[in-house]
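S.K.: Submitted below is the structure of interest, expressed as C-alpha cells.
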Amino acid sequence: MTDLPTPPSQRLDGRIALVTGASSGIGQGCAVALADAGAHVVCAARGTERLNETVEAMTAKGWSAEALPLDLADLDAMEAALERRVFDIVVNAAGTTFPGLAFDTSPEEFDRVISLNLRAAYFLSTTCATALRDAGKPGSIIHISSQMGHVGGRERTLYCASKWGLEGMVRAMALEWAEYDIRVNTIAPTFIRTPLTAPTFARPEQVAWIKDKIKLGRVGEVSDIMGAALYLASDASAMVTGTSMIIDGGWTAD
Ligand SMILES: NC(=O)c1ccc[n+]([C@@H]2O[C@H](COP(=O)([O-])OP(=O)(O)OC[C@H]3O[C@@H](n4cnc5c(N)ncnc54)[C@H](OP(=O)(O)O)[C@@H]3O)[C@@H](O)[C@H]2O)c1
C-alpha cells in the first residue's frame, strides 16, 4: 500500500488565542474562526459593551471565550495585562485609519494612527513573543495589515505609512524569531464592510473607485478573511513566516 501524506490539521483544540479588536469587524470574524476551530479565545478591545456582547454570543455557541478590556495604545496597560500570559496564537486586528490628504494630516493625527497601527503592534508582538520564547513554546502572530501595506491609495498616505511599516516590521521579526518557532505574518485585506469603512462606503466616488479596482467585482466581507486567519493560526501554515496573505480580489494584481 502507498504511504499517503497526512493532511495538516486546522483544529486548534488546546490552544489559547489572543484577538485584539475582537468586538467588531475583522477581529470579531477572526475570533469566531479560531473559537470554532477549538481555541480558547481572549477577546480584547477598549469598549466593554460590544466586547461583552461578542463574548456572550460566542459562549452561547458553545465556544470558549473571555473578554479582556484593553486600550492597546496604552503600552503600560497592555504589558501589565498580557505579560504573565502565554498565547499560542495572536491575531492583532485593533487598528484605525485617517482617510485624508497628506496635506491635511496634523502631527496629532499622525501620532494617533501610528501609535495604534504600528507602535502598539510592535510592542504587542514583543510582549507576546517574549512570553512564548521564555515558555519554550512555538506560536503564530498574525497582524491585520492591509492591501495599503503593499500599494499606495488615494487619501490613504498616513494609513499606508502605518501598514507599510507593519509589513517591514513583520518580516524582520520573522527572521529574528524563527529560531524559536514563533511565526509572524500579516493578512492584507482589501476594503471590507465594517464600521471602520462605513464613512468610505457612504461616498459614491470612493465606492466607484473601489469597485473598479477589485477585479472580482464585489467588496470584501469579514467572512473572506476568516479562512486566512484560521490557516495562519494552525499547523497547516507551519512553514509560513515573514509573509503577507493578500486578500484583495485582484486589486494589487493590476
Ligand atoms: N475594513 C477594511 O476595509 C479593512 C481593510 C484592510 C485592513 N483593515 C484593518 O483591519 C483591522 C480591523 O479593522 P475593522 O475594519 O475590522 O475595524 P472595526 O470594525 O472598526 O474594529 C476595530 C476593532 O478594534 C478595536 N480597537 C480600536 N482601537 C483600539 C485600541 N486602542 N485598543 C484596543 N482595541 C481597539 C475596536 O474596539 P474599541 O473601539 O471598543 O476599542 C474594534 O473592536 C484594522 O487594523 C484595519 O486597518 C481593515
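Residue numbering restarts at 1 in every chain; chains get A, B, ... in the order shown in the C-alpha cells, and ligands count up from 1 in that same order.
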Please produce, as JSON lines, a per-residue contact table for chain A versus ligand 1 (criterion: any atom at most 6 Å away, only C-alpha atoms and all ligand atoms considered), showing the nearest atom pair and its distance in Å to one decimal, sorted by chain then residue number.

M.R.:
{"residue": "A:Thr20", "atom": "CA", "partner": "ligand 1", "partner_atom_place_in_ligand_line": "34 (N)", "distance": 5.8}
{"residue": "A:Gly21", "atom": "CA", "partner": "ligand 1", "partner_atom_place_in_ligand_line": "24 (O)", "distance": 3.3}
{"residue": "A:Ala22", "atom": "CA", "partner": "ligand 1", "partner_atom_place_in_ligand_line": "43 (O)", "distance": 4.8}
{"residue": "A:Ser23", "atom": "CA", "partner": "ligand 1", "partner_atom_place_in_ligand_line": "43 (O)", "distance": 3.8}
{"residue": "A:Ser24", "atom": "CA", "partner": "ligand 1", "partner_atom_place_in_ligand_line": "43 (O)", "distance": 4.2}
{"residue": "A:Gly25", "atom": "CA", "partner": "ligand 1", "partner_atom_place_in_ligand_line": "16 (O)", "distance": 3.4}
{"residue": "A:Ile26", "atom": "CA", "partner": "ligand 1", "partner_atom_place_in_ligand_line": "16 (O)", "distance": 3.8}
{"residue": "A:Gly27", "atom": "CA", "partner": "ligand 1", "partner_atom_place_in_ligand_line": "16 (O)", "distance": 5.5}
{"residue": "A:Ala45", "atom": "CA", "partner": "ligand 1", "partner_atom_place_in_ligand_line": "34 (N)", "distance": 3.6}
{"residue": "A:Arg46", "atom": "CA", "partner": "ligand 1", "partner_atom_place_in_ligand_line": "41 (O)", "distance": 3.5}
{"residue": "A:Gly47", "atom": "CA", "partner": "ligand 1", "partner_atom_place_in_ligand_line": "40 (O)", "distance": 3.5}
{"residue": "A:Leu70", "atom": "CA", "partner": "ligand 1", "partner_atom_place_in_ligand_line": "33 (C)", "distance": 5.5}
{"residue": "A:Asp71", "atom": "CA", "partner": "ligand 1", "partner_atom_place_in_ligand_line": "32 (N)", "distance": 3.7}
{"residue": "A:Leu72", "atom": "CA", "partner": "ligand 1", "partner_atom_place_in_ligand_line": "32 (N)", "distance": 3.7}
{"residue": "A:Ala73", "atom": "CA", "partner": "ligand 1", "partner_atom_place_in_ligand_line": "31 (N)", "distance": 4.8}
{"residue": "A:Ala93", "atom": "CA", "partner": "ligand 1", "partner_atom_place_in_ligand_line": "11 (C)", "distance": 4.4}
{"residue": "A:Ala94", "atom": "CA", "partner": "ligand 1", "partner_atom_place_in_ligand_line": "24 (O)", "distance": 3.6}
{"residue": "A:Gly95", "atom": "CA", "partner": "ligand 1", "partner_atom_place_in_ligand_line": "45 (O)", "distance": 3.4}
{"residue": "A:Thr96", "atom": "CA", "partner": "ligand 1", "partner_atom_place_in_ligand_line": "47 (O)", "distance": 5.4}
{"residue": "A:Leu116", "atom": "CA", "partner": "ligand 1", "partner_atom_place_in_ligand_line": "31 (N)", "distance": 6.0}
{"residue": "A:Ile144", "atom": "CA", "partner": "ligand 1", "partner_atom_place_in_ligand_line": "10 (O)", "distance": 5.1}
{"residue": "A:Ser145", "atom": "CA", "partner": "ligand 1", "partner_atom_place_in_ligand_line": "7 (C)", "distance": 5.4}
{"residue": "A:Ser146", "atom": "CA", "partner": "ligand 1", "partner_atom_place_in_ligand_line": "6 (C)", "distance": 4.0}
{"residue": "A:Pro189", "atom": "CA", "partner": "ligand 1", "partner_atom_place_in_ligand_line": "6 (C)", "distance": 4.3}
{"residue": "A:Thr190", "atom": "CA", "partner": "ligand 1", "partner_atom_place_in_ligand_line": "5 (C)", "distance": 5.0}
{"residue": "A:Phe191", "atom": "CA", "partner": "ligand 1", "partner_atom_place_in_ligand_line": "3 (O)", "distance": 3.4}
{"residue": "A:Ile192", "atom": "CA", "partner": "ligand 1", "partner_atom_place_in_ligand_line": "3 (O)", "distance": 3.6}
{"residue": "A:Arg193", "atom": "CA", "partner": "ligand 1", "partner_atom_place_in_ligand_line": "1 (N)", "distance": 5.6}
{"residue": "A:Thr194", "atom": "CA", "partner": "ligand 1", "partner_atom_place_in_ligand_line": "19 (O)", "distance": 4.7}
{"residue": "A:Pro195", "atom": "CA", "partner": "ligand 1", "partner_atom_place_in_ligand_line": "19 (O)", "distance": 4.5}
{"residue": "A:Leu196", "atom": "CA", "partner": "ligand 1", "partner_atom_place_in_ligand_line": "20 (O)", "distance": 3.9}
{"residue": "A:Thr197", "atom": "CA", "partner": "ligand 1", "partner_atom_place_in_ligand_line": "1 (N)", "distance": 5.3}

S.K.: For those residues, write N, CA and C atoms to a file as a compact mmCIF listing (two decimals), in the first residue's frame.

M.R.:
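Written file, selection21.txt:
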# COMPACT_ATOMS: atom_id res chain seq x y z
N THR A 20 -7.06 40.90 19.26
CA THR A 20 -7.34 42.30 19.57
C THR A 20 -8.32 42.85 18.53
N GLY A 21 -9.10 43.83 18.95
CA GLY A 21 -10.13 44.34 18.05
C GLY A 21 -11.24 43.32 17.83
N ALA A 22 -11.45 42.48 18.83
CA ALA A 22 -12.36 41.33 18.66
C ALA A 22 -13.83 41.70 18.79
N SER A 23 -14.11 42.95 19.12
CA SER A 23 -15.52 43.30 19.34
C SER A 23 -16.21 43.77 18.08
N SER A 24 -15.50 43.80 16.95
CA SER A 24 -16.09 44.38 15.74
C SER A 24 -15.37 43.86 14.49
N GLY A 25 -16.05 43.89 13.39
CA GLY A 25 -15.43 43.73 12.08
C GLY A 25 -14.53 42.51 11.92
N ILE A 26 -13.34 42.76 11.38
CA ILE A 26 -12.40 41.69 11.03
C ILE A 26 -11.94 40.93 12.28
N GLY A 27 -11.66 41.65 13.35
CA GLY A 27 -11.22 40.99 14.58
C GLY A 27 -12.28 40.05 15.12
N ALA A 45 -10.51 44.56 23.41
CA ALA A 45 -10.89 45.83 22.79
C ALA A 45 -11.08 46.82 23.93
N ARG A 46 -11.29 48.10 23.60
CA ARG A 46 -11.46 49.09 24.67
C ARG A 46 -12.87 49.06 25.25
N GLY A 47 -13.87 49.19 24.39
CA GLY A 47 -15.25 49.31 24.85
C GLY A 47 -15.78 47.98 25.36
N LEU A 70 -9.16 46.43 27.08
CA LEU A 70 -7.77 46.87 26.98
C LEU A 70 -7.63 47.95 25.91
N ASP A 71 -6.93 49.05 26.27
CA ASP A 71 -6.52 50.02 25.25
C ASP A 71 -5.11 49.64 24.83
N LEU A 72 -5.01 49.10 23.63
CA LEU A 72 -3.73 48.58 23.15
C LEU A 72 -2.68 49.68 23.00
N ALA A 73 -3.13 50.91 22.77
CA ALA A 73 -2.19 52.02 22.58
C ALA A 73 -1.55 52.45 23.90
N ALA A 93 -5.96 42.68 15.38
CA ALA A 93 -6.86 43.35 14.42
C ALA A 93 -7.27 44.73 14.90
N ALA A 94 -6.81 45.16 16.07
CA ALA A 94 -7.12 46.53 16.51
C ALA A 94 -6.40 47.49 15.59
N GLY A 95 -7.12 48.39 15.00
CA GLY A 95 -6.47 49.33 14.09
C GLY A 95 -7.39 50.51 13.82
N THR A 96 -6.78 51.53 13.23
CA THR A 96 -7.55 52.73 12.93
C THR A 96 -7.08 53.30 11.60
N LEU A 116 -1.30 53.30 17.31
CA LEU A 116 -2.06 52.04 17.36
C LEU A 116 -1.59 51.06 16.27
N ILE A 144 -3.29 42.11 11.25
CA ILE A 144 -4.15 42.52 10.15
C ILE A 144 -3.56 43.81 9.58
N SER A 145 -2.93 43.66 8.46
CA SER A 145 -2.33 44.79 7.76
C SER A 145 -3.37 45.32 6.77
N SER A 146 -3.02 45.46 5.52
CA SER A 146 -3.96 45.96 4.51
C SER A 146 -3.31 45.81 3.13
N PRO A 189 -6.05 42.69 3.79
CA PRO A 189 -7.33 42.73 3.09
C PRO A 189 -7.52 43.96 2.21
N THR A 190 -8.38 43.80 1.24
CA THR A 190 -8.90 44.95 0.51
C THR A 190 -10.01 45.60 1.36
N PHE A 191 -10.81 46.46 0.75
CA PHE A 191 -11.90 47.10 1.50
C PHE A 191 -12.93 46.05 1.91
N ILE A 192 -13.19 46.01 3.22
CA ILE A 192 -14.14 45.08 3.83
C ILE A 192 -15.22 45.93 4.50
N ARG A 193 -16.45 45.50 4.36
CA ARG A 193 -17.53 46.26 5.02
C ARG A 193 -17.49 46.05 6.53
N THR A 194 -17.10 47.09 7.26
CA THR A 194 -17.07 47.07 8.74
C THR A 194 -17.40 48.49 9.20
N PRO A 195 -17.59 48.69 10.50
CA PRO A 195 -17.81 50.07 10.98
C PRO A 195 -16.68 51.02 10.60
N LEU A 196 -15.44 50.51 10.51
CA LEU A 196 -14.30 51.37 10.16
C LEU A 196 -14.45 51.98 8.78
N THR A 197 -15.01 51.22 7.85
CA THR A 197 -15.09 51.69 6.46
C THR A 197 -16.46 52.26 6.10

S.K.: Fewer than 5 positions away in the same chain doesn't count, so skip those; otherwise give me all residues within 10 Å of Arg84 of chain A, counting only C-alpha atoms, as number ranges by chain.

M.R.: A: 79, 127-128, 131

S.K.: Please save all heavy atoms of the selected residues as a PDB file, in the first residue's frame.

M.R.:
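This went into selection-v4.pdb:
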ATOM      1  N   GLU A  79       1.105  45.797  28.560  1.00  0.00           N
ATOM      2  CA  GLU A  79       2.103  44.873  29.101  1.00  0.00           C
ATOM      3  C   GLU A  79       1.635  44.297  30.426  1.00  0.00           C
ATOM      4  O   GLU A  79       1.812  43.100  30.686  1.00  0.00           O
ATOM      5  CB  GLU A  79       3.447  45.591  29.242  1.00  0.00           C
ATOM      6  CG  GLU A  79       4.173  45.657  27.896  1.00  0.00           C
ATOM      7  CD  GLU A  79       5.383  46.577  27.896  1.00  0.00           C
ATOM      8  OE1 GLU A  79       5.841  46.988  28.971  1.00  0.00           O
ATOM      9  OE2 GLU A  79       5.861  46.887  26.786  1.00  0.00           O
ATOM     10  N   THR A 127       5.936  41.658  23.396  1.00  0.00           N
ATOM     11  CA  THR A 127       5.445  41.144  24.679  1.00  0.00           C
ATOM     12  C   THR A 127       5.030  39.680  24.541  1.00  0.00           C
ATOM     13  O   THR A 127       5.405  38.824  25.355  1.00  0.00           O
ATOM     14  CB  THR A 127       4.246  41.994  25.162  1.00  0.00           C
ATOM     15  OG1 THR A 127       4.685  43.340  25.330  1.00  0.00           O
ATOM     16  CG2 THR A 127       3.681  41.478  26.476  1.00  0.00           C
ATOM     17  N   CYS A 128       4.256  39.377  23.502  1.00  0.00           N
ATOM     18  CA  CYS A 128       3.739  38.008  23.335  1.00  0.00           C
ATOM     19  C   CYS A 128       4.845  37.046  22.915  1.00  0.00           C
ATOM     20  O   CYS A 128       4.880  35.892  23.360  1.00  0.00           O
ATOM     21  CB  CYS A 128       2.591  38.001  22.321  1.00  0.00           C
ATOM     22  SG  CYS A 128       1.140  38.888  22.930  1.00  0.00           S
ATOM     23  N   ALA A 131       7.000  36.064  25.937  1.00  0.00           N
ATOM     24  CA  ALA A 131       6.340  35.046  26.777  1.00  0.00           C
ATOM     25  C   ALA A 131       6.469  33.662  26.144  1.00  0.00           C
ATOM     26  O   ALA A 131       6.727  32.671  26.838  1.00  0.00           O
ATOM     27  CB  ALA A 131       4.877  35.422  26.985  1.00  0.00           C
TER      28      ALA A 131
END

S.K.: Within 9 Å of segment 209-227 of chain A, which residues of segment 14-130 of chain A show up? Give each one with its shortest atom-to-atom distance in Å (one decimal) and the two atoms involved, counting only C-alpha atoms, rows by chain then rising residue number, as CSV.

M.R.:
residue,atom,partner,partner_atom,distance
A:Gly25,CA,A:Val222,CA,6.4
A:Ile26,CA,A:Val222,CA,5.4
A:Gly27,CA,A:Val222,CA,8.7
A:Gln28,CA,A:Val222,CA,8.6
A:Gly29,CA,A:Met226,CA,5.9
A:Cys30,CA,A:Met226,CA,5.3
A:Ala31,CA,A:Met226,CA,8.7
A:Val32,CA,A:Met226,CA,8.1
A:Ala33,CA,A:Met226,CA,5.7
A:Leu34,CA,A:Met226,CA,8.5

S.K.: Those same residues - C-alpha atoms - I'd like them written as a tab-separated table (two decimals), in the first residue's frame.

M.R.:
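Final output, selection-v1.tsv:
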chain	number	residue	atom	x	y	z
A	25	GLY	CA	-15.43	43.73	12.08
A	26	ILE	CA	-12.40	41.69	11.03
A	27	GLY	CA	-11.22	40.99	14.58
A	28	GLN	CA	-14.60	39.62	15.56
A	29	GLY	CA	-14.55	37.39	12.48
A	30	CYS	CA	-11.08	36.09	13.38
A	31	ALA	CA	-12.16	35.42	16.99
A	32	VAL	CA	-15.09	33.38	15.71
A	33	ALA	CA	-12.93	31.43	13.24
A	34	LEU	CA	-10.41	30.46	15.92

S.K.: Report the distance between atom CA of Gln147 of chain A and atom CA of Arg50 of chain A in Å, rounded to one decimal place.

M.R.: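 Separation of atom CA of Gln147 of chain A and atom CA of Arg50 of chain A: 26.9 Å.
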
S.K.: For Leu75 of chain A, which residue out of A:Ala253, A:Val42, A:Ala120, A:Ile89 is the nearest one, using only C-alpha atoms?

M.R.: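 Of A:Ala253, A:Val42, A:Ala120, A:Ile89, the one nearest Leu75 of chain A, counting only C-alpha atoms, is A:Ala120.
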
S.K.: Would you list the contacts of Pro99 of chain A as a VMD selection string, taking every protein, DNA or RNA residue within 12 Å and counting only C-alpha atoms, but skipping same-chain residues closer than 3 positions in sequence?

M.R.: chain A and resid 96 102 to 105 109 to 110 113 148 153 to 160 196 to 201 203 206

S.K.: What's the 7 Å shell around Leu12 of chain A, counting only C-alpha atoms, without same-chain residues fewer than 2 positions away, as a list of chain:residue names?

M.R.: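 What passes the distance filter is A:Gln10, A:Gly14, A:Arg15, A:Ala37, A:Gly38, A:Ala39, A:Ser234.
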
S.K.: Would you save the residues from that selection as a short mmCIF file (atom, residue, chain, number, x, y, z; two decimals), in the first residue's frame, using all heavy atoms?

M.R.:
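Output file selection.cif follows:
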data_model
loop_
_atom_site.label_atom_id
_atom_site.label_comp_id
_atom_site.auth_asym_id
_atom_site.auth_seq_id
_atom_site.Cartn_x
_atom_site.Cartn_y
_atom_site.Cartn_z
N GLN A 10 -6.34 21.72 10.79
CA GLN A 10 -6.65 23.13 11.06
C GLN A 10 -7.43 23.25 12.37
O GLN A 10 -8.00 24.30 12.65
CB GLN A 10 -7.41 23.75 9.89
CG GLN A 10 -6.55 23.80 8.64
CD GLN A 10 -6.96 24.90 7.67
OE1 GLN A 10 -7.25 26.03 8.04
NE2 GLN A 10 -6.99 24.57 6.40
N GLY A 14 -7.06 23.07 22.48
CA GLY A 14 -5.98 23.20 23.47
C GLY A 14 -5.13 24.46 23.30
O GLY A 14 -4.30 24.75 24.15
N ARG A 15 -5.33 25.20 22.22
CA ARG A 15 -4.55 26.43 22.00
C ARG A 15 -5.26 27.63 22.66
O ARG A 15 -6.49 27.69 22.69
CB ARG A 15 -4.38 26.73 20.51
CG ARG A 15 -3.95 25.51 19.68
CD ARG A 15 -2.46 25.45 19.45
NE ARG A 15 -2.14 24.19 18.80
CZ ARG A 15 -1.83 24.07 17.50
NH1 ARG A 15 -1.79 25.13 16.73
NH2 ARG A 15 -1.54 22.88 17.00
N ALA A 37 -12.70 26.58 15.67
CA ALA A 37 -11.71 25.52 15.44
C ALA A 37 -11.21 24.92 16.75
O ALA A 37 -10.31 24.08 16.73
CB ALA A 37 -10.54 26.06 14.62
N GLY A 38 -11.74 25.39 17.88
CA GLY A 38 -11.41 24.75 19.16
C GLY A 38 -10.53 25.54 20.09
O GLY A 38 -10.25 25.09 21.21
N ALA A 39 -10.05 26.73 19.68
CA ALA A 39 -9.18 27.52 20.56
C ALA A 39 -10.00 28.19 21.66
O ALA A 39 -11.19 28.49 21.48
CB ALA A 39 -8.45 28.60 19.74
N SER A 234 -3.03 27.93 12.34
CA SER A 234 -2.98 26.48 12.53
C SER A 234 -1.69 25.87 11.99
O SER A 234 -0.88 26.52 11.32
CB SER A 234 -4.17 25.84 11.81
OG SER A 234 -3.93 25.82 10.42
#

S.K.: Env of segment 164-174 of chain A: 12 Å cut, atoms = only C-alpha atoms, seq-sep filter 5 positions within chain, self excluded. Answer as an NGL selection string.

M.R.: :A and (92 or 95 or 113-123 or 125-126 or 129-130 or 139-153 or 156-159 or 179-188 or 239-246)

S.K.: Take atom CA of Trp177 of chain A and atom CA of Leu132 of chain A and report the distance between them in Å, one decimal.

M.R.: 10.2 Å

S.K.: I need the residues of segment 164-197 of chain A that end up classed as helix (DSSP H, G or I) by DSSP on the backbone, written out as a list in words.

M.R.: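 Restricting segment 164-197 of chain A to helix (DSSP H, G or I) produces Trp164, Gly165, Leu166, Glu167, Gly168, Met169, Val170, Arg171, Ala172, Met173, Ala174, Leu175, Glu176, Trp177, Ala178, Glu179, Tyr180, Pro195, Leu196 and Thr197 of chain A.
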
S.K.: Would you mind reading off the distance between atom CA of Ala202 of chain A and atom CA of Thr48 of chain A, one decimal, in Å?

M.R.: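 Result for atom CA of Ala202 of chain A versus atom CA of Thr48 of chain A: 27.1 Å, one decimal.
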
S.K.: Quick one: residues within 7 Å of Glu66 of chain A, only C-alpha atoms, excluding same-chain residues fewer than 5 positions away - as a VMD selection string?

M.R.: chain A and resid 41 to 43 55

S.K.: Return the single residue from A:Glu56, A:Leu230, A:Ala178, A:Leu124 that is closest to Asp76 of chain A, with distances computed using only C-alpha atoms.

M.R.: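 Selected residue with least distance to Asp76 of chain A: A:Leu124.
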
S.K.: Under the rule that only C-alpha atoms are counted, which of A:Ala229, A:Ala236, A:Ile247, A:Ala77 is the nearest residue to Pro7 of chain A?

M.R.: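 Nearest to Pro7 of chain A: A:Ala236.
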